[in-house]
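Shown next: work-v7.cif, given as mmCIF, C-alpha atoms and all ligand atoms.
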data_model
#
loop_
_atom_site.label_atom_id
_atom_site.label_comp_id
_atom_site.auth_asym_id
_atom_site.auth_seq_id
_atom_site.Cartn_x
_atom_site.Cartn_y
_atom_site.Cartn_z
CA MET A 238 -11.31 7.97 27.40
CA THR A 239 -13.29 10.19 29.77
CA ASP A 240 -15.62 9.59 32.71
CA ASP A 241 -18.44 9.56 30.08
CA GLY A 242 -16.66 6.96 27.92
CA ILE A 243 -14.80 7.58 24.66
CA ASN A 244 -15.06 11.17 23.38
CA ALA A 245 -13.54 13.17 20.52
CA PHE A 246 -11.75 16.51 20.97
CA LEU A 247 -10.15 19.17 18.81
CA VAL A 248 -6.57 19.96 19.85
CA GLU A 249 -5.29 23.22 18.41
CA LYS A 250 -1.77 23.46 17.04
CA GLY A 251 0.50 25.07 19.61
CA THR A 252 -1.26 23.50 22.61
CA LEU A 253 1.26 22.64 25.32
CA GLY A 254 2.18 18.91 25.15
CA PHE A 255 1.07 18.52 21.52
CA GLU A 256 3.85 17.74 19.06
CA SER A 257 3.88 17.07 15.33
CA ARG A 258 6.94 15.45 13.76
CA VAL A 259 7.09 15.32 9.96
CA ILE A 260 8.08 11.90 8.61
CA LYS A 261 10.59 12.38 5.82
CA ASN A 262 12.13 10.07 3.15
CA LYS A 263 8.86 8.37 2.25
CA LEU A 264 8.81 6.10 -0.83
CA SER A 265 5.01 6.15 -0.96
CA LEU A 266 2.36 8.92 -0.96
CA ARG A 267 5.15 11.43 -1.45
CA ALA A 268 2.73 14.14 -2.62
CA SER A 269 1.19 14.45 0.84
CA SER A 270 3.06 15.23 4.02
CA THR A 271 2.75 12.73 6.86
CA ALA A 272 3.40 13.53 10.50
CA GLU A 273 3.60 11.65 13.77
CA LEU A 274 1.38 13.35 16.36
CA THR A 275 2.07 13.00 20.08
CA LEU A 276 -0.03 14.22 22.99
CA THR A 277 1.65 14.32 26.40
CA ASP A 278 -0.36 15.56 29.40
CA VAL A 279 -2.32 17.93 27.14
CA THR A 280 -4.99 20.05 28.87
CA ILE A 281 -7.96 21.31 26.84
CA SER A 282 -11.24 22.96 27.68
CA ASP A 283 -14.61 21.23 27.55
CA GLY A 284 -15.47 23.50 24.59
CA ALA A 285 -13.01 21.48 22.46
CA ARG A 286 -15.31 18.45 22.71
CA LEU A 287 -16.79 17.46 19.31
CA PRO A 288 -20.60 17.33 19.49
CA ASN A 289 -22.31 13.96 18.92
CA ALA A 290 -19.02 12.07 18.71
CA ASN A 291 -19.42 9.86 21.75
CA GLY A 292 -18.20 6.29 21.92
CA LEU A 293 -16.10 4.20 19.60
CA LYS A 294 -18.99 4.07 17.13
CA ALA A 295 -18.37 7.66 15.97
CA ALA A 296 -14.73 6.91 15.18
CA LEU A 297 -15.60 3.61 13.49
CA ARG A 298 -18.28 5.28 11.34
CA CYS A 299 -15.66 7.74 10.13
CA LEU A 300 -13.32 4.82 9.28
CA ASP A 301 -16.07 2.97 7.42
CA ASP A 302 -16.68 5.99 5.20
CA ALA A 303 -12.97 6.47 4.49
CA ARG A 304 -12.57 2.76 3.68
CA PHE A 305 -15.56 2.90 1.33
CA GLY A 306 -13.84 5.76 -0.54
CA ILE A 307 -10.63 3.76 -0.69
CA ALA A 308 -12.48 0.79 -2.21
CA TRP A 309 -13.40 3.05 -5.15
CA GLY A 310 -10.04 4.84 -5.31
CA ALA A 311 -8.23 1.52 -5.67
CA CYS A 312 -10.40 0.74 -8.72
CA GLY A 313 -9.34 4.07 -10.24
CA ALA A 314 -5.63 3.35 -9.71
CA ALA A 315 -6.03 -0.12 -11.24
CA ARG A 316 -7.87 1.31 -14.24
CA ALA A 317 -5.13 3.86 -14.83
CA CYS A 318 -2.50 1.09 -14.78
CA LEU A 319 -4.48 -1.06 -17.20
CA ASP A 320 -5.11 1.86 -19.52
CA THR A 321 -1.39 2.61 -19.64
CA VAL A 322 -0.40 -0.98 -20.32
CA LEU A 323 -3.09 -1.55 -22.96
CA ARG A 324 -1.74 1.38 -24.95
CA TYR A 325 1.88 0.37 -24.35
CA THR A 326 1.48 -3.29 -25.40
CA GLN A 327 -0.30 -2.14 -28.56
CA SER A 328 2.52 0.15 -29.64
CA ARG A 329 5.47 -1.95 -28.45
CA GLU A 330 6.72 -4.23 -31.25
CA LEU A 331 8.84 -7.29 -30.49
CA PHE A 332 10.00 -9.82 -33.09
CA GLY A 333 7.76 -8.27 -35.73
CA ARG A 334 4.47 -8.15 -33.86
CA PRO A 335 2.81 -6.00 -31.23
CA LEU A 336 3.32 -7.19 -27.66
CA ASN A 337 -0.45 -7.41 -27.18
CA GLN A 338 -0.62 -10.23 -29.74
CA THR A 339 1.23 -12.65 -27.45
CA GLN A 340 -0.86 -15.17 -25.55
CA LEU A 341 0.75 -14.63 -22.14
CA VAL A 342 0.35 -10.86 -22.31
CA GLN A 343 -3.31 -11.24 -23.26
CA ALA A 344 -3.82 -13.73 -20.42
CA ARG A 345 -2.28 -11.27 -17.95
CA LEU A 346 -4.41 -8.40 -19.27
CA ALA A 347 -7.52 -10.58 -19.02
CA ASP A 348 -6.63 -11.61 -15.49
CA SER A 349 -6.21 -7.97 -14.45
CA VAL A 350 -9.62 -7.09 -15.92
CA ARG A 351 -11.15 -10.03 -14.02
CA LYS A 352 -9.74 -8.69 -10.75
CA LEU A 353 -10.80 -5.11 -11.56
CA ALA A 354 -14.35 -6.09 -12.54
CA GLY A 355 -14.72 -8.00 -9.25
CA ALA A 356 -13.44 -5.01 -7.29
CA GLN A 357 -15.79 -2.61 -9.08
CA LEU A 358 -18.77 -4.86 -8.41
CA ILE A 359 -17.91 -5.13 -4.71
CA ALA A 360 -17.60 -1.31 -4.44
CA TRP A 361 -20.88 -0.84 -6.33
CA ARG A 362 -22.70 -3.37 -4.13
CA LEU A 363 -21.35 -1.71 -0.97
CA ALA A 364 -22.59 1.65 -2.27
CA LYS A 365 -26.08 0.17 -2.71
CA LEU A 366 -25.98 -1.28 0.82
CA LYS A 367 -24.86 2.09 2.20
CA GLU A 368 -27.66 3.89 0.36
CA THR A 369 -30.19 1.83 2.29
CA GLY A 370 -28.19 2.14 5.53
CA VAL A 371 -27.54 -1.58 5.98
CA ALA A 372 -23.82 -1.83 5.09
CA THR A 373 -21.78 -3.40 7.92
CA SER A 374 -18.19 -2.73 9.00
CA ALA A 375 -17.23 -6.28 8.03
CA GLN A 376 -18.56 -5.74 4.49
CA THR A 377 -16.56 -2.51 4.32
CA SER A 378 -13.45 -4.39 5.48
CA LEU A 379 -13.95 -7.00 2.77
CA ALA A 380 -14.27 -4.27 0.12
CA LYS A 381 -11.25 -2.27 1.30
CA TRP A 382 -9.05 -5.33 1.62
CA ASN A 383 -10.10 -7.02 -1.64
CA ASN A 384 -9.98 -3.89 -3.79
CA VAL A 385 -6.61 -2.60 -2.58
CA ARG A 386 -5.09 -6.09 -2.88
CA ALA A 387 -6.51 -6.37 -6.42
CA ALA A 388 -5.21 -2.92 -7.39
CA LEU A 389 -1.77 -3.62 -5.95
CA ASP A 390 -1.51 -6.92 -7.86
CA ILE A 391 -2.72 -5.25 -11.06
CA ALA A 392 -0.28 -2.32 -10.67
CA ARG A 393 2.61 -4.73 -10.07
CA ASP A 394 1.76 -6.85 -13.10
CA CYS A 395 1.25 -3.78 -15.31
CA ARG A 396 4.62 -2.45 -14.17
CA ASP A 397 6.20 -5.73 -15.25
CA MET A 398 4.51 -5.71 -18.67
CA LEU A 399 6.13 -2.33 -19.34
CA GLY A 400 9.53 -3.97 -18.99
CA ALA A 401 12.37 -1.69 -17.98
CA ALA A 402 10.37 1.33 -19.15
CA GLY A 403 8.01 0.57 -16.26
CA ILE A 404 10.45 1.68 -13.61
CA THR A 405 10.64 5.24 -14.93
CA LEU A 406 8.38 8.20 -14.21
CA ASP A 407 7.26 8.08 -17.87
CA HIS A 408 4.59 5.53 -16.89
CA SER A 409 2.20 5.61 -13.93
CA PRO A 410 1.89 1.93 -12.77
CA MET A 411 4.96 1.93 -10.51
CA ARG A 412 3.85 5.21 -8.93
CA HIS A 413 0.41 3.70 -8.29
CA MET A 414 2.05 0.52 -6.98
CA LEU A 415 4.14 2.44 -4.45
CA ASN A 416 1.22 4.58 -3.34
CA LEU A 417 -0.94 1.47 -2.95
CA GLU A 418 1.65 0.13 -0.46
CA THR A 419 0.45 2.91 1.85
CA VAL A 420 -3.18 2.30 0.99
CA ILE A 421 -2.91 -1.39 1.89
CA THR A 422 -1.40 -0.35 5.26
CA TYR A 423 -3.47 2.61 6.38
CA GLU A 424 -7.19 2.56 7.20
CA GLY A 425 -6.63 -0.97 8.53
CA THR A 426 -3.85 -3.24 7.32
CA GLU A 427 -4.61 -6.20 5.08
CA SER A 428 -4.07 -8.62 8.01
CA ILE A 429 -6.43 -6.73 10.28
CA HIS A 430 -9.19 -6.70 7.64
CA GLU A 431 -8.67 -10.44 7.15
CA LEU A 432 -9.14 -10.87 10.90
CA ILE A 433 -12.31 -8.73 10.86
CA VAL A 434 -13.75 -10.88 8.06
CA GLY A 435 -12.58 -14.01 9.91
CA ARG A 436 -14.39 -12.85 13.04
CA GLU A 437 -17.56 -12.24 11.04
CA LEU A 438 -17.39 -15.74 9.57
CA THR A 439 -16.61 -17.61 12.77
CA GLY A 440 -18.01 -15.43 15.53
CA GLN A 441 -14.59 -15.68 17.22
CA SER A 442 -12.30 -12.68 17.67
CA ALA A 443 -8.65 -13.57 17.06
CA PHE A 444 -7.37 -10.11 17.93
C1 LIG A 501 1.39 7.56 4.44
C2 LIG A 501 0.61 7.16 5.67
C3 LIG A 501 -0.39 7.99 6.15
C4 LIG A 501 -1.09 7.65 7.31
N1 LIG A 501 -2.07 8.48 7.75
C5 LIG A 501 -2.71 8.22 8.91
C6 LIG A 501 -3.71 9.11 9.45
O1 LIG A 501 -4.05 10.11 8.82
N2 LIG A 501 -4.26 8.82 10.66
C7 LIG A 501 -3.91 7.70 11.36
O2 LIG A 501 -4.44 7.48 12.44
N3 LIG A 501 -3.00 6.84 10.87
C8 LIG A 501 -2.39 7.06 9.68
N4 LIG A 501 -1.44 6.17 9.20
C9 LIG A 501 -1.04 5.05 10.07
C10 LIG A 501 -1.60 3.70 9.63
O3 LIG A 501 -2.99 3.64 9.85
C11 LIG A 501 -0.82 2.64 10.44
O4 LIG A 501 0.52 2.65 9.98
C12 LIG A 501 -1.44 1.26 10.29
O5 LIG A 501 -2.67 1.18 10.99
C13 LIG A 501 -0.53 0.14 10.83
O6 LIG A 501 -0.11 0.45 12.13
P1 LIG A 501 1.43 0.37 12.48
O7 LIG A 501 2.21 1.09 11.44
O8 LIG A 501 1.56 0.80 13.90
O9 LIG A 501 1.79 -1.18 12.33
P2 LIG A 501 1.68 -2.30 13.45
O10 LIG A 501 0.37 -2.20 14.16
O11 LIG A 501 2.93 -2.30 14.22
O12 LIG A 501 1.61 -3.61 12.54
C14 LIG A 501 2.76 -4.16 11.89
C15 LIG A 501 2.33 -5.42 11.15
O13 LIG A 501 1.77 -6.36 12.07
C16 LIG A 501 0.46 -6.72 11.71
N5 LIG A 501 -0.37 -6.89 12.91
C17 LIG A 501 -0.57 -6.00 13.91
N6 LIG A 501 -1.38 -6.52 14.85
C18 LIG A 501 -1.70 -7.78 14.45
C19 LIG A 501 -2.50 -8.82 14.98
N7 LIG A 501 -3.16 -8.71 16.14
N8 LIG A 501 -2.60 -9.96 14.27
C20 LIG A 501 -1.96 -10.09 13.08
N9 LIG A 501 -1.19 -9.15 12.52
C21 LIG A 501 -1.06 -8.00 13.18
C22 LIG A 501 -0.05 -5.57 10.84
O14 LIG A 501 -1.07 -5.99 9.97
C23 LIG A 501 1.23 -5.16 10.11
O15 LIG A 501 1.42 -6.01 9.00
C24 LIG A 501 -0.77 6.46 8.01
C25 LIG A 501 0.22 5.59 7.50
C26 LIG A 501 0.89 5.93 6.33
C27 LIG A 501 1.94 4.97 5.79
#
Go ahead and express the file in the form of structure tokens.
Ligand SMILES: Cc1cc2nc3c(=O)[nH]c(=O)nc-3n(C[C@H](O)[C@H](O)[C@H](O)COP(=O)(O)OP(=O)(O)OC[C@H]3O[C@@H](n4cnc5c(N)ncnc54)[C@H](O)[C@@H]3O)c2cc1C
Amino acid sequence: MTDDGINAFLVEKGTLGFESRVIKNKLSLRASSTAELTLTDVTISDGARLPNANGLKAALRCLDDARFGIAWGACGAARACLDTVLRYTQSRELFGRPLNQTQLVQARLADSVRKLAGAQLIAWRLAKLKETGVATSAQTSLAKWNNVRAALDIARDCRDMLGAAGITLDHSPMRHMLNLETVITYEGTESIHELIVGRELTGQSAF
């Protein structure tokens, strides 16, 4: 916050008062490093100010774009899980027949496809709204929340349909499931997106 309102600044590594602490022992998004950044009485020059990034709107626009990307990425993770489990249940034989011939397995596969198709349609519709510049933050929240929740549920169910084999690194669903635990937390937690959608519906802010 500055005298001109909210502004964005670049802070170079090595600036006095800036610290970066790597967070170790993660069970999710292990392929990328995550750090806690702290800024204590940091002094920077006016030249570090980012142009045209005034007000909260600039930050929120950045979040909306990231959340839009996540809405699609979640569909990709869910598709990968389904693809794995479709192949697995075809080749896995139990009591003389392929696993994919059992009614409950087919019902679970169908339910996952229902969730995925809904998520893909929401992401596609949001893309169309963005193309014409009319997409709102609340619509983006709905897409991020719905699609990550759908992908997480699909990944969990696919992991289960792989039986014990599903907990190994031989199959991707559990890896996707664990990574999606981060995705449902960052870029706005599930609860916060629910509250954003709730505010849009009621006109009342509960947070
Ligand atoms: C791997 C990883 C990478 C990340 N990368 C980044 C990054 O690049 N940049 C960045 O800025 N952040 C990043 N984050 C941080 C992430 O955005 C936050 O962890 C997230 O916003 C939740 O904040 P918090 O952890 O402080 O939880 P808290 O805010 O403490 O929330 C804890 C719980 O309480 C709930 N809660 C909080 N407030 C309310 C309320 N008013 N009403 C109801 N429920 C509420 C939350 O939904 C959550 O379930 C990353 C996180 C992870 C795991």
Any chance you could tabulate, as JSON lines, the residues of stretch 271-298 of chain A at most 12 Å from stretch 367-377 of chain A with each one's nearest atom pair and distance in Å to one decimal, using all atoms listed in the file, in chain and rising number order?
{"residue": "A:Lys294", "atom": "CA", "partner": "A:Ser374", "partner_atom": "CA", "distance": 10.6}
{"residue": "A:Ala296", "atom": "CA", "partner": "A:Ser374", "partner_atom": "CA", "distance": 12.0}
{"residue": "A:Leu297", "atom": "CA", "partner": "A:Ser374", "partner_atom": "CA", "distance": 8.2}
{"residue": "A:Arg298", "atom": "CA", "partner": "A:Ser374", "partner_atom": "CA", "distance": 8.3}
Self-check item: Counting all atoms listed in the file, the option among A:Leu438, A:Leu353, A:Ala317, A:Ile433 closest to ligand LIG 501 (chain A)
Solution: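 Ranking A:Leu438, A:Leu353, A:Ala317, A:Ile433 by distance to ligand LIG 501 (chain A), first place goes to A:Ile433.
Using all atoms listed in the file, the nearest neighbour of A:Arg324 within the list A:Ala443, A:Ala387, A:Ala295, A:Leu336 is A:Leu336.
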Practice problem: Record the distance separating atom CA of A:Ile260 and atom CA of A:Gly403, expressed in Å with one decimal. | Solution: 27.3 Å
Quiz item: For ligand LIG 501 (chain A), which residue among A:Val322, A:Ala360, A:Cys299, A:Ala388 is the nearest when counting only C-alpha atoms and all ligand atoms?
Solution: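 Of A:Val322, A:Ala360, A:Cys299, A:Ala388, the one nearest ligand LIG 501 (chain A) is A:Cys299, counting only C-alpha atoms and all ligand atoms.
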Practice problem: Around ligand LIG 501 (chain A), at most 10 Å away and counting only C-alpha atoms and all ligand atoms, which residues are there? Put them as a PyMOL selection string, please. | Solution: chain A and resi 260+263-274+300+416-432+443-444
Quiz item: Using only C-alpha atoms, which of the listed residues (A:Glu437, A:Gln327, A:Gly310, A:Asn337) sits closest to A:Val385?
Solution: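 Checking each candidate against A:Val385, we get A:Gly310 as the closest.
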Quiz item: With only C-alpha atoms as the basis for distance, which of A:Val279, A:Leu366, A:Leu389, A:Ala344 is at the shortest distance from A:Ala311?
Solution: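 The closest residue to A:Ala311 is A:Leu389.
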Practice problem: Could you please determine the separation between atom CA of A:Cys312 and atom CA of A:Asn262 in Å, to one decimal place? | Solution: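 Interatomic distance, atom CA of A:Cys312 to atom CA of A:Asn262: 27.1 Å.
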Exercise. For atom CA of A:Thr275 and atom CA of A:Gly254, determine how far apart the two atoms are, in Å to one decimal place.
Key: 7.8 Å
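Nearest-residue note for A:Asp320: choosing from A:Leu276, A:Gln441, A:Gly355, A:Val350, the minimum distance belongs to A:Val350, counting all atoms listed in the file.
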Practice problem: Might you pull out every residue within 9 Å of A:Asp390, with all atoms listed in the file counted and same-chain residues fewer than 3 positions away left off, and present them as a PyMOL selection string? | Solution: chain A and resi 315+349+352+385-387+393-395+414
How about saving the chosen residues, C-alpha atoms kept, as a short mmCIF file (atom, residue, chain, number, x, y, z; two decimals), keeping the file's coordinate frame?
data_model
loop_
_atom_site.label_atom_id
_atom_site.label_comp_id
_atom_site.auth_asym_id
_atom_site.auth_seq_id
_atom_site.Cartn_x
_atom_site.Cartn_y
_atom_site.Cartn_z
CA ALA A 315 -6.03 -0.12 -11.24
CA SER A 349 -6.21 -7.97 -14.45
CA LYS A 352 -9.74 -8.69 -10.75
CA VAL A 385 -6.61 -2.60 -2.58
CA ARG A 386 -5.09 -6.09 -2.88
CA ALA A 387 -6.51 -6.37 -6.42
CA ARG A 393 2.61 -4.73 -10.07
CA ASP A 394 1.76 -6.85 -13.10
CA CYS A 395 1.25 -3.78 -15.31
CA MET A 414 2.05 0.52 -6.98
#
